[in-house]
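Trainee: Okay, so here is entry.pdb, and as you'll see once you scroll down, it has PDB, C-alpha atoms.
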```
ATOM      1  CA  MET A 242      10.009  43.227 -82.014  1.00  0.00           C
ATOM      2  CA  SER A 243      12.526  41.389 -84.156  1.00  0.00           C
ATOM      3  CA  GLY A 244      12.736  40.008 -87.656  1.00  0.00           C
ATOM      4  CA  LYS A 245      11.801  41.467 -90.998  1.00  0.00           C
ATOM      5  CA  ILE A 246       8.290  42.891 -91.319  1.00  0.00           C
ATOM      6  CA  GLY A 247       6.201  42.971 -94.472  1.00  0.00           C
ATOM      7  CA  VAL A 248       3.067  45.026 -95.060  1.00  0.00           C
ATOM      8  CA  LEU A 249       0.563  44.161 -97.769  1.00  0.00           C
ATOM      9  CA  PHE A 250      -1.663  47.062 -98.856  1.00  0.00           C
ATOM     10  CA  LEU A 251      -4.966  46.105-100.499  1.00  0.00           C
ATOM     11  CA  HIS A 252      -7.180  48.780-102.055  1.00  0.00           C
ATOM     12  CA  GLY A 253     -10.924  48.721-102.667  1.00  0.00           C
ATOM     13  CA  TYR A 254     -13.371  48.009-105.473  1.00  0.00           C
ATOM     14  CA  THR A 255     -13.052  50.467-108.393  1.00  0.00           C
ATOM     15  CA  GLY A 256     -10.091  52.040-106.585  1.00  0.00           C
ATOM     16  CA  GLY A 257      -6.333  51.844-106.774  1.00  0.00           C
ATOM     17  CA  ARG A 258      -3.139  52.497-104.827  1.00  0.00           C
ATOM     18  CA  TYR A 259      -4.163  56.125-104.362  1.00  0.00           C
ATOM     19  CA  GLU A 260      -6.737  55.016-101.785  1.00  0.00           C
ATOM     20  CA  LEU A 261      -4.008  53.912 -99.357  1.00  0.00           C
ATOM     21  CA  GLU A 262      -1.053  55.956-100.618  1.00  0.00           C
ATOM     22  CA  PRO A 263      -1.437  58.716 -97.989  1.00  0.00           C
ATOM     23  CA  LEU A 264      -1.113  56.090 -95.240  1.00  0.00           C
ATOM     24  CA  PHE A 265       1.758  54.372 -97.050  1.00  0.00           C
ATOM     25  CA  ARG A 266       3.624  57.669 -97.483  1.00  0.00           C
ATOM     26  CA  TYR A 267       3.136  58.398 -93.789  1.00  0.00           C
ATOM     27  CA  LEU A 268       4.475  55.033 -92.593  1.00  0.00           C
ATOM     28  CA  LYS A 269       7.306  54.279 -95.030  1.00  0.00           C
ATOM     29  CA  PRO A 270       9.760  57.038 -94.015  1.00  0.00           C
ATOM     30  CA  ARG A 271       9.262  56.206 -90.343  1.00  0.00           C
ATOM     31  CA  TYR A 272       9.627  52.422 -90.267  1.00  0.00           C
ATOM     32  CA  GLU A 273      11.598  49.680 -91.965  1.00  0.00           C
ATOM     33  CA  PHE A 274       9.351  47.189 -93.750  1.00  0.00           C
ATOM     34  CA  GLU A 275       9.052  45.277 -96.986  1.00  0.00           C
ATOM     35  CA  TYR A 276       5.799  45.762 -98.850  1.00  0.00           C
ATOM     36  CA  GLU A 277       3.564  44.720-101.708  1.00  0.00           C
ATOM     37  CA  PHE A 278       0.978  47.116-103.127  1.00  0.00           C
ATOM     38  CA  PRO A 279      -0.916  45.373-105.948  1.00  0.00           C
ATOM     39  CA  VAL A 280      -3.500  46.894-108.255  1.00  0.00           C
ATOM     40  CA  TYR A 281      -6.262  44.480-109.235  1.00  0.00           C
ATOM     41  CA  PRO A 282      -6.897  43.863-112.943  1.00  0.00           C
ATOM     42  CA  GLY A 283      -9.107  46.565-114.418  1.00  0.00           C
ATOM     43  CA  HIS A 284      -8.520  48.930-111.485  1.00  0.00           C
ATOM     44  CA  GLY A 285      -6.406  52.032-110.955  1.00  0.00           C
ATOM     45  CA  HIS A 286      -6.856  55.500-112.410  1.00  0.00           C
ATOM     46  CA  HIS A 287      -8.247  54.114-115.671  1.00  0.00           C
ATOM     47  CA  LEU A 288     -10.986  51.566-115.005  1.00  0.00           C
ATOM     48  CA  ASP A 289     -11.531  48.781-117.522  1.00  0.00           C
ATOM     49  CA  PHE A 290     -13.542  45.806-116.323  1.00  0.00           C
ATOM     50  CA  ASN A 291     -13.813  44.055-119.655  1.00  0.00           C
ATOM     51  CA  ASN A 292     -12.673  40.429-119.482  1.00  0.00           C
ATOM     52  CA  VAL A 293     -11.816  40.490-115.767  1.00  0.00           C
ATOM     53  CA  THR A 294     -13.558  38.761-112.884  1.00  0.00           C
ATOM     54  CA  GLY A 295     -13.737  39.031-109.137  1.00  0.00           C
ATOM     55  CA  ASP A 296     -11.536  35.941-108.923  1.00  0.00           C
ATOM     56  CA  ASP A 297      -8.885  37.839-110.890  1.00  0.00           C
ATOM     57  CA  TRP A 298      -8.993  40.610-108.298  1.00  0.00           C
ATOM     58  CA  TYR A 299      -8.639  38.235-105.370  1.00  0.00           C
ATOM     59  CA  ASP A 300      -5.925  36.198-107.080  1.00  0.00           C
ATOM     60  CA  GLU A 301      -3.857  39.367-107.550  1.00  0.00           C
ATOM     61  CA  ALA A 302      -4.164  40.132-103.843  1.00  0.00           C
ATOM     62  CA  PHE A 303      -3.304  36.594-102.760  1.00  0.00           C
ATOM     63  CA  GLU A 304      -0.335  36.351-105.114  1.00  0.00           C
ATOM     64  CA  ALA A 305       1.055  39.533-103.544  1.00  0.00           C
ATOM     65  CA  TYR A 306       0.568  37.970-100.105  1.00  0.00           C
ATOM     66  CA  GLU A 307       2.491  34.858-101.171  1.00  0.00           C
ATOM     67  CA  VAL A 308       5.356  36.899-102.653  1.00  0.00           C
ATOM     68  CA  LEU A 309       5.651  39.030 -99.522  1.00  0.00           C
ATOM     69  CA  SER A 310       5.297  36.179 -97.040  1.00  0.00           C
ATOM     70  CA  ARG A 311       8.331  34.433 -98.573  1.00  0.00           C
ATOM     71  CA  LYS A 312      10.505  37.481 -97.854  1.00  0.00           C
ATOM     72  CA  VAL A 313       9.577  38.391 -94.274  1.00  0.00           C
ATOM     73  CA  ASP A 314       9.290  37.004 -90.765  1.00  0.00           C
ATOM     74  CA  GLU A 315       6.120  38.873 -89.833  1.00  0.00           C
ATOM     75  CA  ILE A 316       3.366  39.897 -92.200  1.00  0.00           C
ATOM     76  CA  TYR A 317       0.737  42.582 -91.727  1.00  0.00           C
ATOM     77  CA  ILE A 318      -2.150  43.343 -94.058  1.00  0.00           C
ATOM     78  CA  VAL A 319      -3.817  46.734 -94.445  1.00  0.00           C
ATOM     79  CA  GLY A 320      -7.079  46.322 -96.353  1.00  0.00           C
ATOM     80  CA  PHE A 321      -9.517  49.036 -97.377  1.00  0.00           C
ATOM     81  CA  SER A 322     -13.142  48.225 -98.307  1.00  0.00           C
ATOM     82  CA  MET A 323     -13.046  45.214-100.673  1.00  0.00           C
ATOM     83  CA  GLY A 324      -9.357  44.956 -99.811  1.00  0.00           C
ATOM     84  CA  GLY A 325     -10.430  44.506 -96.189  1.00  0.00           C
ATOM     85  CA  LEU A 326     -12.642  41.623 -97.208  1.00  0.00           C
ATOM     86  CA  PHE A 327      -9.754  40.031 -99.135  1.00  0.00           C
ATOM     87  CA  ALA A 328      -7.401  40.627 -96.199  1.00  0.00           C
ATOM     88  CA  SER A 329      -9.807  38.911 -93.793  1.00  0.00           C
ATOM     89  CA  HIS A 330     -10.214  35.898 -96.068  1.00  0.00           C
ATOM     90  CA  ILE A 331      -6.438  35.582 -96.432  1.00  0.00           C
ATOM     91  CA  ALA A 332      -6.015  35.835 -92.653  1.00  0.00           C
ATOM     92  CA  GLN A 333      -8.595  33.126 -92.057  1.00  0.00           C
ATOM     93  CA  HIS A 334      -6.610  30.617 -94.096  1.00  0.00           C
ATOM     94  CA  ASN A 335      -3.009  31.839 -93.790  1.00  0.00           C
ATOM     95  CA  ARG A 336      -0.608  33.327 -91.270  1.00  0.00           C
ATOM     96  CA  VAL A 337      -1.166  37.043 -90.779  1.00  0.00           C
ATOM     97  CA  ASP A 338       0.345  38.632 -87.682  1.00  0.00           C
ATOM     98  CA  LYS A 339      -1.611  41.883 -87.748  1.00  0.00           C
ATOM     99  CA  LEU A 340      -4.750  42.742 -89.670  1.00  0.00           C
ATOM    100  CA  LEU A 341      -5.756  46.375 -90.160  1.00  0.00           C
ATOM    101  CA  LEU A 342      -9.173  46.708 -91.790  1.00  0.00           C
ATOM    102  CA  ILE A 343     -10.384  50.118 -92.951  1.00  0.00           C
ATOM    103  CA  ALA A 344     -14.140  50.209 -93.656  1.00  0.00           C
ATOM    104  CA  PRO A 345     -14.049  46.534 -94.699  1.00  0.00           C
ATOM    105  CA  ALA A 346     -16.760  45.525 -97.154  1.00  0.00           C
ATOM    106  CA  PHE A 347     -18.408  42.945 -94.921  1.00  0.00           C
ATOM    107  CA  GLU A 348     -21.712  44.290 -96.201  1.00  0.00           C
ATOM    108  CA  HIS A 349     -22.767  46.822 -98.796  1.00  0.00           C
ATOM    109  CA  THR A 350     -25.690  49.167 -98.409  1.00  0.00           C
ATOM    110  CA  HIS A 351     -29.034  47.955 -99.731  1.00  0.00           C
ATOM    111  CA  ILE A 352     -31.815  50.450-100.373  1.00  0.00           C
ATOM    112  CA  ASN A 353     -34.136  48.485 -98.109  1.00  0.00           C
ATOM    113  CA  ARG A 354     -31.593  48.521 -95.263  1.00  0.00           C
ATOM    114  CA  LEU A 355     -30.645  52.186 -95.130  1.00  0.00           C
ATOM    115  CA  ALA A 356     -31.523  52.275 -91.431  1.00  0.00           C
ATOM    116  CA  ARG A 357     -28.318  50.302 -90.755  1.00  0.00           C
ATOM    117  CA  LEU A 358     -26.324  53.386 -91.676  1.00  0.00           C
ATOM    118  CA  ASN A 359     -27.524  54.978 -88.411  1.00  0.00           C
ATOM    119  CA  LEU A 360     -27.057  58.429 -89.918  1.00  0.00           C
ATOM    120  CA  ARG A 361     -28.174  61.489 -88.009  1.00  0.00           C
ATOM    121  CA  PRO A 362     -29.239  64.499 -90.119  1.00  0.00           C
ATOM    122  CA  GLU A 363     -26.101  66.402 -89.112  1.00  0.00           C
ATOM    123  CA  GLY A 364     -23.956  63.427 -90.130  1.00  0.00           C
ATOM    124  CA  LEU A 365     -25.510  63.322 -93.561  1.00  0.00           C
ATOM    125  CA  ALA A 366     -24.945  67.049 -93.978  1.00  0.00           C
ATOM    126  CA  GLU A 367     -21.295  66.593 -92.963  1.00  0.00           C
ATOM    127  CA  HIS A 368     -20.892  63.832 -95.538  1.00  0.00           C
ATOM    128  CA  PHE A 369     -22.055  65.967 -98.431  1.00  0.00           C
ATOM    129  CA  LYS A 370     -19.986  68.894 -97.218  1.00  0.00           C
ATOM    130  CA  LEU A 371     -16.911  66.682 -97.688  1.00  0.00           C
ATOM    131  CA  LYS A 372     -17.940  66.137-101.328  1.00  0.00           C
ATOM    132  CA  THR A 373     -16.877  62.493-101.137  1.00  0.00           C
ATOM    133  CA  MET A 374     -19.742  61.439-103.366  1.00  0.00           C
ATOM    134  CA  ASP A 375     -18.027  63.326-106.187  1.00  0.00           C
ATOM    135  CA  VAL A 376     -15.308  60.678-106.111  1.00  0.00           C
ATOM    136  CA  VAL A 377     -17.809  57.837-106.264  1.00  0.00           C
ATOM    137  CA  ARG A 378     -19.876  59.544-108.945  1.00  0.00           C
ATOM    138  CA  SER A 379     -16.829  59.924-111.204  1.00  0.00           C
ATOM    139  CA  ARG A 380     -16.398  56.150-111.269  1.00  0.00           C
ATOM    140  CA  LEU A 381     -19.993  55.240-112.081  1.00  0.00           C
ATOM    141  CA  PRO A 382     -19.819  55.700-115.879  1.00  0.00           C
ATOM    142  CA  LYS A 383     -17.016  53.109-116.010  1.00  0.00           C
ATOM    143  CA  LEU A 384     -19.064  50.448-114.222  1.00  0.00           C
ATOM    144  CA  SER A 385     -21.223  47.840-115.891  1.00  0.00           C
ATOM    145  CA  LEU A 386     -23.826  45.538-114.438  1.00  0.00           C
ATOM    146  CA  GLN A 387     -21.415  42.686-115.045  1.00  0.00           C
ATOM    147  CA  ALA A 388     -18.671  44.441-113.038  1.00  0.00           C
ATOM    148  CA  PHE A 389     -21.045  45.026-110.125  1.00  0.00           C
ATOM    149  CA  ASN A 390     -22.227  41.435-110.261  1.00  0.00           C
ATOM    150  CA  GLU A 391     -18.591  40.319-110.109  1.00  0.00           C
ATOM    151  CA  PHE A 392     -18.182  42.448-106.994  1.00  0.00           C
ATOM    152  CA  ARG A 393     -21.222  40.904-105.335  1.00  0.00           C
ATOM    153  CA  ALA A 394     -20.112  37.393-106.298  1.00  0.00           C
ATOM    154  CA  ILE A 395     -16.581  37.802-104.952  1.00  0.00           C
ATOM    155  CA  MET A 396     -17.992  39.302-101.737  1.00  0.00           C
ATOM    156  CA  ASP A 397     -20.105  36.213-101.224  1.00  0.00           C
ATOM    157  CA  ALA A 398     -17.233  33.874-102.127  1.00  0.00           C
ATOM    158  CA  LYS A 399     -14.627  35.490 -99.871  1.00  0.00           C
ATOM    159  CA  MET A 400     -16.761  36.468 -96.883  1.00  0.00           C
ATOM    160  CA  PRO A 401     -14.693  35.217 -93.943  1.00  0.00           C
ATOM    161  CA  ASP A 402     -15.711  33.131 -90.985  1.00  0.00           C
ATOM    162  CA  TYR A 403     -14.861  35.717 -88.337  1.00  0.00           C
ATOM    163  CA  GLU A 404     -14.458  33.172 -85.556  1.00  0.00           C
ATOM    164  CA  GLU A 405     -11.617  31.475 -87.448  1.00  0.00           C
ATOM    165  CA  ILE A 406      -9.429  34.581 -87.698  1.00  0.00           C
ATOM    166  CA  ASP A 407      -6.647  34.464 -85.104  1.00  0.00           C
ATOM    167  CA  SER A 408      -4.734  37.564 -86.217  1.00  0.00           C
ATOM    168  CA  GLU A 409      -4.457  40.589 -83.950  1.00  0.00           C
ATOM    169  CA  THR A 410      -6.994  42.852 -85.637  1.00  0.00           C
ATOM    170  CA  LEU A 411      -8.016  46.503 -85.659  1.00  0.00           C
ATOM    171  CA  ILE A 412     -11.066  47.658 -87.611  1.00  0.00           C
ATOM    172  CA  ILE A 413     -11.390  51.379 -88.335  1.00  0.00           C
ATOM    173  CA  HIS A 414     -14.712  52.618 -89.676  1.00  0.00           C
ATOM    174  CA  GLY A 415     -16.311  56.013 -90.210  1.00  0.00           C
ATOM    175  CA  THR A 416     -19.691  56.779 -88.703  1.00  0.00           C
ATOM    176  CA  ILE A 417     -21.070  58.436 -91.858  1.00  0.00           C
ATOM    177  CA  ASP A 418     -20.058  55.685 -94.291  1.00  0.00           C
ATOM    178  CA  LEU A 419     -22.761  55.578 -96.979  1.00  0.00           C
ATOM    179  CA  LEU A 420     -21.345  52.518 -98.779  1.00  0.00           C
ATOM    180  CA  VAL A 421     -20.623  50.055 -95.963  1.00  0.00           C
ATOM    181  CA  PRO A 422     -22.649  50.321 -92.726  1.00  0.00           C
ATOM    182  CA  TYR A 423     -20.269  50.695 -89.796  1.00  0.00           C
ATOM    183  CA  MET A 424     -22.472  48.323 -87.803  1.00  0.00           C
ATOM    184  CA  SER A 425     -21.168  45.492 -89.996  1.00  0.00           C
ATOM    185  CA  SER A 426     -17.720  46.122 -88.514  1.00  0.00           C
ATOM    186  CA  VAL A 427     -19.098  46.282 -84.975  1.00  0.00           C
ATOM    187  CA  GLU A 428     -20.852  42.961 -85.501  1.00  0.00           C
ATOM    188  CA  ALA A 429     -17.737  41.353 -86.998  1.00  0.00           C
ATOM    189  CA  GLN A 430     -15.640  42.498 -84.040  1.00  0.00           C
ATOM    190  CA  ARG A 431     -17.976  40.739 -81.617  1.00  0.00           C
ATOM    191  CA  LYS A 432     -17.288  37.427 -83.357  1.00  0.00           C
ATOM    192  CA  MET A 433     -13.511  37.771 -83.750  1.00  0.00           C
ATOM    193  CA  LYS A 434     -11.115  36.481 -81.116  1.00  0.00           C
ATOM    194  CA  ASN A 435      -8.566  39.272 -80.966  1.00  0.00           C
ATOM    195  CA  CYS A 436     -10.156  42.365 -82.447  1.00  0.00           C
ATOM    196  CA  ARG A 437     -11.145  45.881 -81.524  1.00  0.00           C
ATOM    197  CA  VAL A 438     -13.001  48.601 -83.414  1.00  0.00           C
ATOM    198  CA  GLU A 439     -12.272  52.308 -83.623  1.00  0.00           C
ATOM    199  CA  LEU A 440     -15.109  54.428 -84.978  1.00  0.00           C
ATOM    200  CA  ILE A 441     -14.120  57.797 -86.425  1.00  0.00           C
ATOM    201  CA  GLU A 442     -16.846  60.374 -86.027  1.00  0.00           C
ATOM    202  CA  ASN A 443     -18.037  62.062 -89.215  1.00  0.00           C
ATOM    203  CA  ALA A 444     -15.640  60.053 -91.389  1.00  0.00           C
ATOM    204  CA  PRO A 445     -16.927  58.771 -94.765  1.00  0.00           C
ATOM    205  CA  HIS A 446     -16.125  55.534 -96.547  1.00  0.00           C
ATOM    206  CA  ILE A 447     -13.126  56.955 -98.376  1.00  0.00           C
ATOM    207  CA  MET A 448     -11.506  58.435 -95.277  1.00  0.00           C
ATOM    208  CA  ALA A 449      -8.227  56.738 -96.243  1.00  0.00           C
ATOM    209  CA  TYR A 450      -7.562  59.631 -98.611  1.00  0.00           C
ATOM    210  CA  THR A 451      -9.938  62.303 -97.352  1.00  0.00           C
ATOM    211  CA  GLU A 452      -7.809  65.149 -96.035  1.00  0.00           C
ATOM    212  CA  ASN A 453     -10.084  65.797 -93.057  1.00  0.00           C
ATOM    213  CA  HIS A 454      -9.502  62.321 -91.611  1.00  0.00           C
ATOM    214  CA  GLN A 455      -6.106  61.222 -92.935  1.00  0.00           C
ATOM    215  CA  HIS A 456      -4.228  62.247 -89.817  1.00  0.00           C
ATOM    216  CA  THR A 457      -6.571  60.398 -87.457  1.00  0.00           C
ATOM    217  CA  LEU A 458      -6.317  57.273 -89.575  1.00  0.00           C
ATOM    218  CA  ASN A 459      -2.531  57.538 -89.905  1.00  0.00           C
ATOM    219  CA  ILE A 460      -2.007  57.793 -86.156  1.00  0.00           C
ATOM    220  CA  ALA A 461      -4.381  54.909 -85.376  1.00  0.00           C
ATOM    221  CA  ALA A 462      -2.679  52.714 -87.970  1.00  0.00           C
ATOM    222  CA  GLU A 463       0.803  53.607 -86.739  1.00  0.00           C
ATOM    223  CA  ARG A 464      -0.048  52.814 -83.130  1.00  0.00           C
ATOM    224  CA  PHE A 465      -1.547  49.458 -84.057  1.00  0.00           C
ATOM    225  CA  LEU A 466       1.089  48.307 -86.525  1.00  0.00           C
ATOM    226  CA  PHE A 467       4.313  49.714 -85.097  1.00  0.00           C
ATOM    227  CA  LEU A 468       3.772  50.693 -81.468  1.00  0.00           C
ATOM    228  CA  ASP A 469       6.358  48.163 -80.236  1.00  0.00           C
ATOM    229  CA  MET A 470       8.802  48.665 -83.088  1.00  0.00           C
ATOM    230  CA  LYS A 471      12.285  49.623 -81.972  1.00  0.00           C
ATOM    231  CA  THR A 472      13.847  50.530 -85.307  1.00  0.00           C
ATOM    232  CA  VAL A 473      12.223  53.897 -86.004  1.00  0.00           C
ATOM    233  CA  LEU A 474      13.992  55.769 -88.778  1.00  0.00           C
ATOM    234  CA  GLU A 475      15.431  59.134 -87.823  1.00  0.00           C
TER     235      GLU A 475
END
```
Please lay out the structure from this file as structure tokens.
Mentor:
Amino acid sequence: MSGKIGVLFLHGYTGGRYELEPLFRYLKPRYEFEYEFPVYPGHGHHLDFNNVTGDDWYDEAFEAYEVLSRKVDEIYIVGFSMGGLFASHIAQHNRVDKLLLIAPAFEHTHINRLARLNLRPEGLAEHFKLKTMDVVRSRLPKLSLQAFNEFRAIMDAKMPDYEEIDSETLIIHGTIDLLVPYMSSVEAQRKMKNCRVELIENAPHIMAYTENHQHTLNIAAERFLFLDMKTVLE
């Protein structure tokens, strides 16, 4: 592998850098790469969705891609949840050498489609034992109907045509994801040209910063992004 590498990290809806920071902190001391790590308008630790739209969120992500792509020879995108959707849309229309999608928001759970979660009783029990819903619940008071409608609208607008994505792609998804059915990733993989899926047993949607599954995710990401890299930092 030669040339300068850039990695674009894209977080999820109502999230921030903290969603992918454990992975970033794992990779950065080990490998040489440029990076961009944007926070969408209204996101971060203090949510404020007044006067921002889904287009604003995507534009922030794409601007970071453009800035990074001008500085590097190879560009990788790591996208979590809504960031995975943005990453896929960017890759459909622009050069992306590697695409790492973590629980990409290709679909969100509808009450009338709960069967697509394919949850076994023991899986549901494991999910609540992890207390991941506490994280989601803490964000709910900051959300408005308008903010959720913006999310749904930008999902529809940026949903990629899977068959047009040429990037080497890895999708990682947890089997007890209550927000995005993992089957949506399996179905996307079947339509993509150069893609594989890794399902992590008993991992929730926010596995990117759930202590129980960080290590598994870090190792899978490292192998995919930097397996052939020769310049490992000592």
Trainee: With the cut-off set at 9 Å and counting all atoms listed in the file, tabulate each residue of range 243-318 of chain A with an atom at most that distance from an atom of range 327-339 of chain A, showing the nearest atom pair and its distance in Å to one decimal, ordered by chain and increasing number, as JSON lines.
Mentor:
```
{"residue": "A:Leu249", "atom": "CA", "partner": "A:Ala328", "partner_atom": "CA", "distance": 8.9}
{"residue": "A:Leu251", "atom": "CA", "partner": "A:Ala328", "partner_atom": "CA", "distance": 7.4}
{"residue": "A:Tyr299", "atom": "CA", "partner": "A:Phe327", "partner_atom": "CA", "distance": 6.6}
{"residue": "A:Ala302", "atom": "CA", "partner": "A:Phe327", "partner_atom": "CA", "distance": 7.3}
{"residue": "A:Phe303", "atom": "CA", "partner": "A:Ile331", "partner_atom": "CA", "distance": 7.1}
{"residue": "A:Tyr306", "atom": "CA", "partner": "A:Ile331", "partner_atom": "CA", "distance": 8.3}
{"residue": "A:Ser310", "atom": "CA", "partner": "A:Arg336", "partner_atom": "CA", "distance": 8.7}
{"residue": "A:Glu315", "atom": "CA", "partner": "A:Asp338", "partner_atom": "CA", "distance": 6.2}
{"residue": "A:Ile316", "atom": "CA", "partner": "A:Val337", "partner_atom": "CA", "distance": 5.5}
{"residue": "A:Tyr317", "atom": "CA", "partner": "A:Lys339", "partner_atom": "CA", "distance": 4.7}
{"residue": "A:Ile318", "atom": "CA", "partner": "A:Ala328", "partner_atom": "CA", "distance": 6.3}
```
Trainee: Let me see the file: selected residues, C-alpha atoms, as an mmCIF file, in the coordinates of the input.
Mentor:
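For reference, out.cif as written:
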```cif
data_model
loop_
_atom_site.group_PDB
_atom_site.id
_atom_site.type_symbol
_atom_site.label_atom_id
_atom_site.label_comp_id
_atom_site.auth_asym_id
_atom_site.auth_seq_id
_atom_site.Cartn_x
_atom_site.Cartn_y
_atom_site.Cartn_z
ATOM 1 C CA LEU A 249 0.563 44.161 -97.769
ATOM 2 C CA LEU A 251 -4.966 46.105 -100.499
ATOM 3 C CA TYR A 299 -8.639 38.235 -105.370
ATOM 4 C CA ALA A 302 -4.164 40.132 -103.843
ATOM 5 C CA PHE A 303 -3.304 36.594 -102.760
ATOM 6 C CA TYR A 306 0.568 37.970 -100.105
ATOM 7 C CA SER A 310 5.297 36.179 -97.040
ATOM 8 C CA GLU A 315 6.120 38.873 -89.833
ATOM 9 C CA ILE A 316 3.366 39.897 -92.200
ATOM 10 C CA TYR A 317 0.737 42.582 -91.727
ATOM 11 C CA ILE A 318 -2.150 43.343 -94.058
#
```
Trainee: Run through the PyMOL selection byres ((chain A and resi 397-406) around 8) on the given coordinates and return the selected residues as a list in words.
Mentor: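 On this input, the PyMOL selection byres ((chain A and resi 397-406) around 8) captures Leu326, Phe327, Ser329, His330, Ala332, Gln333, Phe347, Arg393, Ala394, Ile395, Met396, Asp407, Ser408, Ala429, Lys432, Met433 and Lys434 of chain A.
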Trainee: Skipping near chain neighbours, those fewer than 3 positions away, what residues fall within 8 Å of His252 in chain A using all atoms listed in the file, listed as a PyMOL selection string?
Mentor: chain A and resi 256-258+260-261+280+320-325
Trainee: Save out the residues we just selected, C-alpha atoms, as a PDB file, keeping the file's coordinate frame.
Mentor:
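Writing done, so here's part_22.pdb:
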```
ATOM      1  CA  GLY A 256     -10.091  52.040-106.585  1.00  0.00           C
ATOM      2  CA  GLY A 257      -6.333  51.844-106.774  1.00  0.00           C
ATOM      3  CA  ARG A 258      -3.139  52.497-104.827  1.00  0.00           C
ATOM      4  CA  GLU A 260      -6.737  55.016-101.785  1.00  0.00           C
ATOM      5  CA  LEU A 261      -4.008  53.912 -99.357  1.00  0.00           C
ATOM      6  CA  VAL A 280      -3.500  46.894-108.255  1.00  0.00           C
ATOM      7  CA  GLY A 320      -7.079  46.322 -96.353  1.00  0.00           C
ATOM      8  CA  PHE A 321      -9.517  49.036 -97.377  1.00  0.00           C
ATOM      9  CA  SER A 322     -13.142  48.225 -98.307  1.00  0.00           C
ATOM     10  CA  MET A 323     -13.046  45.214-100.673  1.00  0.00           C
ATOM     11  CA  GLY A 324      -9.357  44.956 -99.811  1.00  0.00           C
ATOM     12  CA  GLY A 325     -10.430  44.506 -96.189  1.00  0.00           C
TER      13      GLY A 325
END
```
Trainee: Between A:Ile417, A:Cys436, A:Ala388, A:Leu340, which is the closest to Gly283 in chain A once you count all atoms listed in the file?
Mentor: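 Closest to Gly283 in chain A, using all atoms listed in the file: A:Ala388.
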Trainee: I'd like the interatomic distance between CA of Glu273 in chain A and CA of Thr457 in chain A, to a tenth of an Å.
Mentor: 21.6 Å
Trainee: How many Å separate CA of Phe465 in chain A from CA of Asp300 in chain A?
Mentor: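 Atom-to-atom, CA of Phe465 in chain A to CA of Asp300 in chain A, that is 26.9 Å.
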Trainee: Name the residues in contact with Val427 in chain A at a cut-off of 10 Å, using all atoms listed in the file, excluding same-chain residues fewer than 6 positions from it; report them as a list in words.
Mentor: Ile412, Ile413, His414, Arg437, Val438, Glu439 and Leu440 of chain A
Trainee: Of the candidates A:Leu341, A:Asn390, A:Tyr259, A:Glu409, which shows the shortest atom-to-atom distance to Asn435 in chain A, using all atoms listed in the file?
Mentor: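 The answer is A:Glu409, which sits nearest to Asn435 in chain A.
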Trainee: Considering all atoms listed in the file, state which residue in the set A:Val248, A:Gln455, A:Pro282, A:Pro270 is at the smallest distance from Glu307 in chain A.
Mentor: A:Val248
Trainee: Quote the spacing between CA of Leu411 in chain A and CA of Thr294 in chain A in Å to one decimal place.
Mentor: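 Separating CA of Leu411 in chain A from CA of Thr294 in chain A is a distance of 28.8 Å.
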Trainee: Which residue gives the smallest distance to Tyr276 in chain A among A:Tyr450, A:His456, A:Lys245, A:Ala344, with all atoms listed in the file counted?
Mentor: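 Result for the nearest residue to Tyr276 in chain A: A:Lys245.
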Trainee: Could you check which of A:Leu466, A:Met424, A:Ala444, A:Leu268 is closest to Ala346 in chain A, using all atoms listed in the file?
Mentor: A:Met424
Trainee: Which residue is closest to Phe389 in chain A? Choose from A:Leu264, A:Val319, A:Gly295, A:Gly247 and count all atoms listed in the file.
Mentor: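 So, comparing all the options, the nearest one is A:Gly295.
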Trainee: Give me the box for range 426-437 of chain A as JSON, namely the centre and edge lengths in Å to one decimal of a box along x, y and z that holds every listed atom plus 5 Å on each side.
Mentor:
```
{"center_x": -14.7, "center_y": 41.4, "center_z": -84.7, "size_x": 22.3, "size_y": 19.8, "size_z": 17.5}
```
Trainee: Using the partial input, fill out range 419-424 of chain A with N, CA, C and O atoms; write the result as a PDB file, keeping the file's coordinate frame.
Mentor:
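Result file selection_38.pdb:
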```
ATOM      1  N   LEU A 419     -21.534  55.830 -96.225  1.00  0.00           N
ATOM      2  CA  LEU A 419     -22.761  55.578 -96.979  1.00  0.00           C
ATOM      3  C   LEU A 419     -22.682  54.311 -97.828  1.00  0.00           C
ATOM      4  O   LEU A 419     -23.688  53.906 -98.408  1.00  0.00           O
ATOM      5  N   LEU A 420     -21.512  53.699 -97.925  1.00  0.00           N
ATOM      6  CA  LEU A 420     -21.345  52.518 -98.779  1.00  0.00           C
ATOM      7  C   LEU A 420     -21.319  51.227 -97.985  1.00  0.00           C
ATOM      8  O   LEU A 420     -21.828  50.193 -98.443  1.00  0.00           O
ATOM      9  N   VAL A 421     -20.690  51.243 -96.819  1.00  0.00           N
ATOM     10  CA  VAL A 421     -20.623  50.055 -95.963  1.00  0.00           C
ATOM     11  C   VAL A 421     -21.073  50.457 -94.559  1.00  0.00           C
ATOM     12  O   VAL A 421     -20.393  51.259 -93.913  1.00  0.00           O
ATOM     13  N   PRO A 422     -22.179  49.947 -94.071  1.00  0.00           N
ATOM     14  CA  PRO A 422     -22.649  50.321 -92.726  1.00  0.00           C
ATOM     15  C   PRO A 422     -21.606  49.982 -91.658  1.00  0.00           C
ATOM     16  O   PRO A 422     -21.092  48.865 -91.620  1.00  0.00           O
ATOM     17  N   TYR A 423     -21.284  50.960 -90.814  1.00  0.00           N
ATOM     18  CA  TYR A 423     -20.269  50.695 -89.796  1.00  0.00           C
ATOM     19  C   TYR A 423     -20.704  49.616 -88.815  1.00  0.00           C
ATOM     20  O   TYR A 423     -19.873  48.956 -88.179  1.00  0.00           O
ATOM     21  N   MET A 424     -22.010  49.377 -88.699  1.00  0.00           N
ATOM     22  CA  MET A 424     -22.472  48.323 -87.803  1.00  0.00           C
ATOM     23  C   MET A 424     -21.989  46.943 -88.251  1.00  0.00           C
ATOM     24  O   MET A 424     -21.871  46.033 -87.437  1.00  0.00           O
TER      25      MET A 424
END
```
